[in-house]
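Novice: Dumping the structure here so I can ask a few things about it.
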Amino acid sequence: MLHIYDCHDAKKDSSGRRLWRKFPESTQEILEPHLHTRYVAAQSSDWSGVTKPIYRGKQGRTFKDWVCTWTGYLLTKIRHLKASHVFKACSTIIKHDTQTALFLLPHIIIYALLDGSEDENLEIYNEILAVLTHAEKLDEQQEADSCHLSAQTIFSIFDHLTRWTRHRLQTLAMSRMKKTGASSDHHDDPEYRKIQDFLAKIPQDVLAKASYNCKAYTRSLMHFEAFITSQKQDLQQHLGFMQKLYVMMDEPDGVAGVSAIRQENPTLHAQILEHESIGRLRDASACYERAIQLESSDVSLHQGLLKSLINLGQLSTALVHVNGVLSERPEWTSDLNSYRVESSWKLGRWDSLENYIKNETGSSNSWNVGLGKILLAAKKRDEEDFNKHLKVMRSEQMGPLSAASMENGSYQRGYEYIVRLHMLNEIERGVKCMLGLNADNGVGVDEDQHQMLNNWKTRLEITQSSFRTQEPILSLRRALLGLVELPDIRDENKEIGQCWLQSARVARKAGHIQTAYSSLLNASAYSMPEYCLEKAKWLWSKGDLHQALISLQKGVEEYFDDTTKRRLAADTSETAMADKLIHAKALLLIGRFMEATAKSESNAVMRQYKEVIAVHKEWEDGHFYLAKYYDRIMSTVADRPEKQGEIVLYVVKHFGHSLQYGNQYIYQSMPRLLTLWLDFGAKVSDQEKSKKSDKFVSNKTVLVHLNKMMADQCDKLAPYQYLTAFSQLISRVCHTQVTVFEQLKEIIAKLMVVFPQQAVWMMMAVSKSTYVMRTKRCQDIFSRAMEMNGDLHKFIQDATKLQDRLLDVCNSPVDATYDKLSMSVHFKPLKRMVENENFSPIIVPRQSVMTVTLPSTPGVHPNHNPFPSGEVYIREFEDPIEVLPSLQKPKKISIRGTDGKLYLMMCKPKDDLRKDSRLMEFNAIINKCLKKDAESRRLQLHIRTYAVIPLNEECGLLEWVPNTAGLRQILHKIYKEKGLYTSGRELKSMTVPLTSSVDTKLNVFKNKLLPRFPVVFPEWFLKTFPDPTSWYLARLSYARTSAVMSIVGYILGLGDRHGENILFDSTNGDTVHVDFNCLFNKGETFDWPERVPFRLTRNMVDAMGPMGYEGIFRRACEVTMKVMRDQTDPLMSVLKTLIYDPLVEWSKPSRSRASMLADSGEINNEKAMTHVKDIEHRLQGKLKNKNKTRGLPLSVEGHVHYLIHEATDERNLCQMYIGWAAYL
């Protein structure tokens, strides 16, 4: 190889010498002797007698033989001189090293195809087809390992060829754009055409089925979709295969999507798949029964029925069924015996297990038979047999894992086998610990057993929290615990019972209600107090509300009678505390059920919640739910102010206690607690002015207590807890009640002292307010903070100077011809100031250091650090500054941090970013709510947020979101590559006047605009995410993040969602929305009023896959809408800060109002009240038409259906402004 590239260390400069210089010294040392060697590679082998296809022929029986023979044979077909020399130099290694052969094979094939004749290329095609057709017809028991690896090799070649054509296409497009300024047809490039034609010949449906059999499901989906679009197939004919794919990927939303687009009645098989995907196994069994009646000779139907029975936990029934069928059809023994084996080891019937294992023929094991053999050997204490079977089962998982590891995203694809290895590890360690088999360490069994059970708990927590992953692990653990009679029989029973309860919990959370019932029946035998809790939750989840309440009340009476209560009250051991918590949880659940069913009067519910606190005083949940209930009661006594005043104290007290014991509900408790206190203060202030004496006296007394309570809590709560509501605190700095402001000032000043870096950035806009009162109050807070800590004086001074200099950058006018400025030339004072060594360290305001991270464990943690990623300070501002082309000429600046990294920010002038800032906080709270909800956690729903720092009322900084491109930019780039670009002038000629009829607009939209802009967005995903797993995950992420933001945007009345305000992340497919200036349905007041609730145009729908918005997108919308409705209270308390906050410019105030504002700075903004009311209506499912509510509130599903219809209706889209680009 060194000789080919003329590599040497001579004095004369040449390409060979430059190459040699690039090697590190250590490599040069190894290679130096080879520079002058006289060794020559032996003559290459003779390939003339090779039979083709090589795969599974005489010279390709094993995977290694096939790869090495095929690679060696293809080398002889390369005519390109240099490539031929290079590959031949490697040919001697290929015979001995499969990895090198696999690495070189895709590159060799490219050259072989480019240099080869038609016949030679046909040989390559036939070889590929031989592997794929074998994989397509693969039987699970035969040669699975080598077939998986061979098929994966073909997949890797296919990927390499696809990447090569894409790269070639881009290179051609770029070079032609440079030459001619327009893209011409790429099909006249012979090399591109040769590879592209070869790829087009490989049937995508065969690739899809081969991938499916190799368990590469995401790849299968990718090829299958390509087959449907390229062959113009009728999707309806192929829904069965698609549904099967989504079932195997454990994606019930996908299965639901397939059902939604199915036009005919589903077949029995389709119904079975749907039932299985959502855990309705009883219904699936009924369908199997019917199918067996119709086709009694199909063994796969019996296998399906047995899987359903085993998953339902009906193991004895499964055994009876297999034995019954085999007595009639003994020839099916090899197909059905593994189900008998599985049922036997799960039931602990070891004698039957031994008999059934004897029926197993052949060397290859199915997974459950293998487990049966291992467990039986353990039961018999046969160490040799145990280790032998364990070794066999481990090595059998390696084939598919090796195949999966050959491409990106392999962890996800190989996860099933990783879980199997996890289970084998638990068998090995469990048997070693409990039976002493292979116990080569001298640790006592009892002590080790406790460690083992703790270890199990931790191991289960780190597995994927799906039913499909966790249930097999729990079944195996029960079998392991059943292997042995432990010294303390009660403990062993308890552990088996706990495993059953965990199974019931996992099944219930996955929506597998029928399976959960079976596990509950088994758990009921073990007398555990947690059982009554799980049973009540199960009854509740299946809609049996009344029964859930009764069952739980009976359970509490049974497990926690008076004697037990007295014993627990006196006992402080760890076990007693755990039982106390279970008791409190059960009592709390009774209270919540009583409240939800509305079957009890409010005093009874109140007593119930108080009992929770009596049992467990230091549990945050008890205090939180009691506070919430008091809050609910308070809204019913609005006409009795004295009663309201009394209740306010209870609400604030219990919210405060809840926060003292933990942070689980902080985003609900803290905003509500502050709102109640500040609103009550404002009410007292109003009464002072209007001189309402009687009510005023009692309320003033309440306020004194409230202020004392707040002062007390300010001492007891950790400062980071208040920091979560900083913007709410700062929005009320103009509070008219003096004592309330004094307390507010104390809280904010304390935050300034503890978190000066974050607080100063958050207060910048307020300190520069145009309202005198706000600026004055802000200065008061700064003064109080400096009294508490004198060192802050210089820091605040420096931060203010930095703010002024950054405002100069924002507001500095830019000549229209400039696209770059220089920091050291145009903004020298800023650069010099920051680089001065006496300048205070000030953080780079990134989102990660401006957002509080809460402790991950319960309790308050007074010393918790809410910014664990560490603070990075501004070291310098770098040159150059990029001027962006939009109207306001924002500037992109680069900040070098003290960690040496570069951070990009955008300085935006003439735009009030305070609205964006509030909205980012709102989105952050929605993210917290989405994380707390189990279903949205499963779907990984979230909104992409970034830091927004207003500097004053019309300028600010935005954190730059890297690796993103706007929708318009992405689509226009693809249109240009395809030669489909439409100029602005042409577009203008197709614009219809605003006054034209809807039919005219629709006609132009459908017949002129849409044909000019075909759907191309799906191509971006294929190009940006070349390997199947990242492609599939990116598309899932795109659909789900689009759905979340669509619903949140609709609720907030977010408009102006044109192609530059929606960005897509090229690393993971996330949708990122920017520019939140058009809020609260402002878009409806434009000259061309906005007609759609959110952007869901053709390109966006098609990029979600063949099912469009059905399934994944729709489900994500429904879950988001449900979470927002459930969390209406905390979300509204965040939005209501806008009412008191002239930070947000709702409408220009009238002259009289302006003078009031200048005077006080806090006012109830009527326009804001209207907007907040509208948002409340949308959260309740009420639709509005021309500002009038119409019809009754819609359900979550009905509301989402209406919105999707409105967003995709062409009659709405054709009336949108042309710049919004509804045609894209």
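A note on labels: chains of the structure tokens are A, B, ... as shown, every chain counts residues from 1, and ligands are counted from 1 in their shown order.
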List every residue of region 798-937 of chain A that DSSP, applied to the backbone of this structure, assigns to helix (DSSP H, G or I), and report them as a ChimeraX atom specification.

Specialist: /A:798-811,823-826,828-835,847-850,914-932,934-937

Novice: At a cut-off of 10 Å, using only C-alpha atoms, what residues contact Phe467 (chain A)? Leave out same-chain residues fewer than 2 positions from it and give the result as a list in words.

Specialist: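 My reading of the contact set: Asp250, Gly279, Gln464, Ser465, Thr469, Gln470, Glu471, Pro472, Ser503, Ala504, Arg505, Val506, Ala507, Arg508, Lys509, Ala510, Gly511 and His512 of chain A.
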
Novice: For those residues, write N, CA, C and O atoms to a file as a PDB file, in the first residue's frame.

Specialist:
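Result went into again.pdb, see below:
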```pdb
ATOM      1  N   ASP A 250     -43.632  -2.346  18.651  1.00  0.00           N
ATOM      2  CA  ASP A 250     -44.294  -1.944  19.904  1.00  0.00           C
ATOM      3  C   ASP A 250     -44.740  -0.489  19.831  1.00  0.00           C
ATOM      4  O   ASP A 250     -44.469   0.312  20.711  1.00  0.00           O
ATOM      5  N   GLY A 279     -53.118  -4.717  24.055  1.00  0.00           N
ATOM      6  CA  GLY A 279     -53.244  -5.562  25.252  1.00  0.00           C
ATOM      7  C   GLY A 279     -54.631  -6.113  25.506  1.00  0.00           C
ATOM      8  O   GLY A 279     -54.912  -6.578  26.612  1.00  0.00           O
ATOM      9  N   GLN A 464     -36.155  -0.493  29.696  1.00  0.00           N
ATOM     10  CA  GLN A 464     -37.218   0.331  29.103  1.00  0.00           C
ATOM     11  C   GLN A 464     -38.529  -0.001  29.817  1.00  0.00           C
ATOM     12  O   GLN A 464     -38.844  -1.165  30.029  1.00  0.00           O
ATOM     13  N   SER A 465     -39.287   1.038  30.151  1.00  0.00           N
ATOM     14  CA  SER A 465     -40.461   0.791  31.002  1.00  0.00           C
ATOM     15  C   SER A 465     -41.671   0.331  30.191  1.00  0.00           C
ATOM     16  O   SER A 465     -42.747   0.866  30.330  1.00  0.00           O
ATOM     17  N   THR A 469     -40.925  -5.433  27.632  1.00  0.00           N
ATOM     18  CA  THR A 469     -39.574  -5.622  28.174  1.00  0.00           C
ATOM     19  C   THR A 469     -39.618  -6.176  29.590  1.00  0.00           C
ATOM     20  O   THR A 469     -38.885  -7.100  29.928  1.00  0.00           O
ATOM     21  N   GLN A 470     -40.493  -5.618  30.437  1.00  0.00           N
ATOM     22  CA  GLN A 470     -40.410  -5.921  31.870  1.00  0.00           C
ATOM     23  C   GLN A 470     -41.125  -7.209  32.274  1.00  0.00           C
ATOM     24  O   GLN A 470     -40.692  -7.900  33.186  1.00  0.00           O
ATOM     25  N   GLU A 471     -42.212  -7.562  31.569  1.00  0.00           N
ATOM     26  CA  GLU A 471     -42.975  -8.745  31.983  1.00  0.00           C
ATOM     27  C   GLU A 471     -42.143 -10.034  31.911  1.00  0.00           C
ATOM     28  O   GLU A 471     -42.163 -10.827  32.859  1.00  0.00           O
ATOM     29  N   PRO A 472     -41.367 -10.299  30.818  1.00  0.00           N
ATOM     30  CA  PRO A 472     -40.552 -11.525  30.804  1.00  0.00           C
ATOM     31  C   PRO A 472     -39.558 -11.582  31.964  1.00  0.00           C
ATOM     32  O   PRO A 472     -39.320 -12.650  32.538  1.00  0.00           O
ATOM     33  N   SER A 503     -45.909  -6.869  38.048  1.00  0.00           N
ATOM     34  CA  SER A 503     -46.472  -7.256  36.739  1.00  0.00           C
ATOM     35  C   SER A 503     -47.818  -6.577  36.518  1.00  0.00           C
ATOM     36  O   SER A 503     -48.110  -6.081  35.430  1.00  0.00           O
ATOM     37  N   ALA A 504     -48.643  -6.573  37.573  1.00  0.00           N
ATOM     38  CA  ALA A 504     -49.981  -5.957  37.460  1.00  0.00           C
ATOM     39  C   ALA A 504     -49.838  -4.470  37.158  1.00  0.00           C
ATOM     40  O   ALA A 504     -50.546  -3.907  36.313  1.00  0.00           O
ATOM     41  N   ARG A 505     -48.848  -3.819  37.831  1.00  0.00           N
ATOM     42  CA  ARG A 505     -48.649  -2.375  37.654  1.00  0.00           C
ATOM     43  C   ARG A 505     -48.176  -2.062  36.227  1.00  0.00           C
ATOM     44  O   ARG A 505     -48.695  -1.168  35.568  1.00  0.00           O
ATOM     45  N   VAL A 506     -47.194  -2.837  35.772  1.00  0.00           N
ATOM     46  CA  VAL A 506     -46.642  -2.605  34.428  1.00  0.00           C
ATOM     47  C   VAL A 506     -47.734  -2.819  33.379  1.00  0.00           C
ATOM     48  O   VAL A 506     -47.872  -2.028  32.435  1.00  0.00           O
ATOM     49  N   ALA A 507     -48.530  -3.890  33.555  1.00  0.00           N
ATOM     50  CA  ALA A 507     -49.597  -4.187  32.580  1.00  0.00           C
ATOM     51  C   ALA A 507     -50.656  -3.085  32.599  1.00  0.00           C
ATOM     52  O   ALA A 507     -51.111  -2.626  31.546  1.00  0.00           O
ATOM     53  N   ARG A 508     -51.027  -2.638  33.807  1.00  0.00           N
ATOM     54  CA  ARG A 508     -52.066  -1.588  33.899  1.00  0.00           C
ATOM     55  C   ARG A 508     -51.585  -0.305  33.230  1.00  0.00           C
ATOM     56  O   ARG A 508     -52.319   0.327  32.462  1.00  0.00           O
ATOM     57  N   LYS A 509     -50.337   0.058  33.497  1.00  0.00           N
ATOM     58  CA  LYS A 509     -49.827   1.310  32.918  1.00  0.00           C
ATOM     59  C   LYS A 509     -49.727   1.225  31.398  1.00  0.00           C
ATOM     60  O   LYS A 509     -49.803   2.223  30.712  1.00  0.00           O
ATOM     61  N   ALA A 510     -49.512  -0.005  30.875  1.00  0.00           N
ATOM     62  CA  ALA A 510     -49.427  -0.173  29.421  1.00  0.00           C
ATOM     63  C   ALA A 510     -50.820  -0.286  28.815  1.00  0.00           C
ATOM     64  O   ALA A 510     -50.965  -0.431  27.606  1.00  0.00           O
ATOM     65  N   GLY A 511     -51.869  -0.256  29.684  1.00  0.00           N
ATOM     66  CA  GLY A 511     -53.243  -0.369  29.175  1.00  0.00           C
ATOM     67  C   GLY A 511     -53.675  -1.811  28.956  1.00  0.00           C
ATOM     68  O   GLY A 511     -54.716  -2.081  28.372  1.00  0.00           O
ATOM     69  N   HIS A 512     -52.854  -2.794  29.430  1.00  0.00           N
ATOM     70  CA  HIS A 512     -53.214  -4.211  29.277  1.00  0.00           C
ATOM     71  C   HIS A 512     -54.047  -4.635  30.493  1.00  0.00           C
ATOM     72  O   HIS A 512     -53.571  -5.343  31.373  1.00  0.00           O
TER      73      HIS A 512
END
```

Novice: Given the choices A:Asn454, A:Phe624, A:Tyr665, A:Tyr125, which gets closest to Lys653 (chain A) if the distance is worked out from only C-alpha atoms?

Specialist: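 Going through A:Asn454, A:Phe624, A:Tyr665, A:Tyr125 one by one, the smallest distance to Lys653 (chain A) is for A:Phe624.
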
Novice: Find the residues of region 190-290 of chain A that sit at most 10 Å from region 311-323 of chain A; for each, write down the nearest two atoms and how far apart they are in Å, to one decimal. Count only C-alpha atoms. Sort by chain, then by number going up, and give it as CSV.

Specialist:
```
residue,atom,partner,partner_atom,distance
A:Gly279,CA,A:Leu312,CA,9.2
A:Arg280,CA,A:Leu312,CA,9.4
A:Leu281,CA,A:Leu312,CA,6.7
A:Arg282,CA,A:Leu312,CA,7.7
A:Ser285,CA,A:Leu312,CA,9.7
```

Novice: Export N, CA, C and O atoms of the chosen residues as a compact mmCIF listing (two decimals), in the first residue's frame?

Specialist:
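Everything below was put into result_36.txt:
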```txt
# COMPACT_ATOMS: atom_id res chain seq x y z
N GLY A 279 -53.12 -4.72 24.06
CA GLY A 279 -53.24 -5.56 25.25
C GLY A 279 -54.63 -6.11 25.51
O GLY A 279 -54.91 -6.58 26.61
N ARG A 280 -55.52 -6.08 24.49
CA ARG A 280 -56.85 -6.70 24.70
C ARG A 280 -56.75 -8.18 24.33
O ARG A 280 -57.24 -8.62 23.28
N LEU A 281 -56.07 -8.95 25.18
CA LEU A 281 -55.72 -10.33 24.80
C LEU A 281 -56.93 -11.26 24.86
O LEU A 281 -56.97 -12.26 24.15
N ARG A 282 -57.91 -10.94 25.71
CA ARG A 282 -59.12 -11.81 25.74
C ARG A 282 -59.83 -11.70 24.39
O ARG A 282 -60.30 -12.69 23.84
N SER A 285 -57.92 -13.61 21.88
CA SER A 285 -58.16 -15.06 22.01
C SER A 285 -59.49 -15.43 21.34
O SER A 285 -59.57 -16.46 20.65
```

Novice: Pick from A:Pro862, A:Gly1108, A:Gly1219, A:Gly72: nearest to Gly1059 (chain A), with only C-alpha atoms counted?

Specialist: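 Looking at the shortest contact to Gly1059 (chain A), the residue is A:Gly1219.
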
Novice: Nearest to Val299 (chain A): which of A:Glu264, A:Phe839, A:Leu336, A:Arg875 is it, counting only C-alpha atoms?

Specialist: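 Once distances to Val299 (chain A) are computed over only C-alpha atoms, the minimum belongs to A:Leu336.
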
Novice: One number please: CA of Met393 (chain A) to CA of Ala135 (chain A), in Å, one decimal.

Specialist: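 Going from CA of Met393 (chain A) over to CA of Ala135 (chain A), I get 22.3 Å.
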
Novice: For Val1119 (chain A), please output as a list in words all residues within 9 Å (counting only C-alpha atoms; exclusion window: fewer than 6 positions along the same chain).

Specialist: Leu930, Glu935, Ser936, Leu941, Val1044 and Val1196 of chain A

Novice: With only C-alpha atoms as the counted atoms, please give the residues lying no more than 10 Å from Met1100 (chain A), apart from itself and same-chain residues fewer than 2 positions off, as JSON, numbers by chain.

Specialist: {"A": [967, 1015, 1016, 1017, 1018, 1038, 1039, 1042, 1095, 1096, 1097, 1098, 1102, 1103, 1104, 1105, 1108, 1109, 1224]}

Novice: Generate a file of the selected residues that holds N, CA, C and O atoms, formatted as a short mmCIF file (atom, residue, chain, number, x, y, z; two decimals), in the first residue's frame.

Specialist:
```
data_model
loop_
_atom_site.label_atom_id
_atom_site.label_comp_id
_atom_site.auth_asym_id
_atom_site.auth_seq_id
_atom_site.Cartn_x
_atom_site.Cartn_y
_atom_site.Cartn_z
N LEU A 967 -38.42 25.39 7.38
CA LEU A 967 -39.17 24.58 6.42
C LEU A 967 -39.01 25.11 5.00
O LEU A 967 -38.72 24.37 4.06
N VAL A 1015 -44.83 17.40 -3.31
CA VAL A 1015 -44.39 17.02 -1.96
C VAL A 1015 -42.96 16.49 -2.02
O VAL A 1015 -42.69 15.53 -2.74
N VAL A 1016 -42.06 17.12 -1.27
CA VAL A 1016 -40.65 16.67 -1.27
C VAL A 1016 -40.07 16.54 0.14
O VAL A 1016 -38.96 16.05 0.31
N PHE A 1017 -40.81 16.98 1.17
CA PHE A 1017 -40.26 17.01 2.52
C PHE A 1017 -39.81 15.61 3.01
O PHE A 1017 -38.79 15.50 3.70
N PRO A 1018 -40.54 14.51 2.66
CA PRO A 1018 -40.06 13.19 3.11
C PRO A 1018 -38.63 12.90 2.67
O PRO A 1018 -37.89 12.19 3.35
N TYR A 1038 -40.27 14.18 14.87
CA TYR A 1038 -40.85 15.28 14.09
C TYR A 1038 -42.37 15.33 14.27
O TYR A 1038 -42.95 16.38 14.57
N ALA A 1039 -43.03 14.16 14.10
CA ALA A 1039 -44.49 14.14 14.18
C ALA A 1039 -44.96 14.53 15.58
O ALA A 1039 -45.91 15.30 15.74
N SER A 1042 -44.14 18.26 16.48
CA SER A 1042 -45.07 19.11 15.72
C SER A 1042 -46.44 19.11 16.38
O SER A 1042 -47.09 20.15 16.50
N ARG A 1095 -50.10 25.09 11.56
CA ARG A 1095 -49.61 24.72 10.22
C ARG A 1095 -49.59 23.20 10.08
O ARG A 1095 -48.90 22.50 10.82
N LEU A 1096 -50.35 22.69 9.10
CA LEU A 1096 -50.34 21.25 8.81
C LEU A 1096 -50.57 21.11 7.30
O LEU A 1096 -51.59 20.62 6.83
N THR A 1097 -49.60 21.63 6.53
CA THR A 1097 -49.74 21.66 5.07
C THR A 1097 -49.31 20.31 4.48
O THR A 1097 -48.80 19.45 5.19
N ARG A 1098 -49.49 20.18 3.15
CA ARG A 1098 -49.25 18.90 2.46
C ARG A 1098 -47.89 18.28 2.76
O ARG A 1098 -47.78 17.09 3.05
N ASP A 1102 -47.31 14.63 4.60
CA ASP A 1102 -46.70 13.50 3.90
C ASP A 1102 -45.39 13.06 4.55
O ASP A 1102 -45.00 11.90 4.45
N ALA A 1103 -44.69 14.00 5.19
CA ALA A 1103 -43.42 13.63 5.84
C ALA A 1103 -43.66 12.74 7.06
O ALA A 1103 -42.72 12.13 7.58
N MET A 1104 -44.92 12.63 7.50
CA MET A 1104 -45.22 11.76 8.65
C MET A 1104 -45.36 10.30 8.25
O MET A 1104 -45.55 9.44 9.10
N GLY A 1105 -45.31 10.04 6.93
CA GLY A 1105 -45.41 8.65 6.48
C GLY A 1105 -46.72 8.41 5.75
O GLY A 1105 -47.56 9.31 5.63
N GLY A 1108 -50.00 9.64 7.16
CA GLY A 1108 -50.21 11.07 7.36
C GLY A 1108 -50.43 11.40 8.83
O GLY A 1108 -49.72 10.90 9.70
N TYR A 1109 -51.45 12.22 9.08
CA TYR A 1109 -51.65 12.66 10.47
C TYR A 1109 -52.40 11.63 11.32
O TYR A 1109 -52.62 11.83 12.50
N LEU A 1224 -46.90 25.02 0.37
CA LEU A 1224 -45.68 24.25 0.66
C LEU A 1224 -45.99 23.04 1.53
O LEU A 1224 -46.76 23.13 2.47
#
```

Novice: Compile the contact shell of Leu588 (chain A) as a PyMOL selection string: residues with an atom at most 8 Å away, counting only C-alpha atoms, same-chain residues fewer than 5 positions apart removed.

Specialist: chain A and resi 608-609+612+622

Novice: Calculated over only C-alpha atoms, which of the candidates A:Arg944, A:His972, A:Arg672, A:Lys915 has the smallest distance to Gly984 (chain A)?

Specialist: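 Using only C-alpha atoms, Gly984 (chain A) sits closest to A:His972.
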
Novice: By how many Å are CA of Glu871 (chain A) and CA of Gly790 (chain A) apart?

Specialist: 21.7 Å

Novice: Could you check the closest approach to Ser635 (chain A) for each of A:Ile647, A:Ile202, A:Thr1024, A:Gly555 and tell me which residue wins, using only C-alpha atoms?

Specialist: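 The shortest atom-to-atom distance to Ser635 (chain A) comes from A:Ile647.
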
Novice: For Asp804 (chain A), please output as a list in words all residues within 9 Å (counting only C-alpha atoms; exclusion window: fewer than 5 positions along the same chain).

Specialist: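 Surrounding residues, per the criterion: Ala799, Val809 and Leu951 of chain A.
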
Novice: Restricting the calculation to only C-alpha atoms, which member of A:Glu876, A:Glu1206, A:Glu396, A:Glu1060 is positioned closest to Lys831 (chain A)?

Specialist: A:Glu876
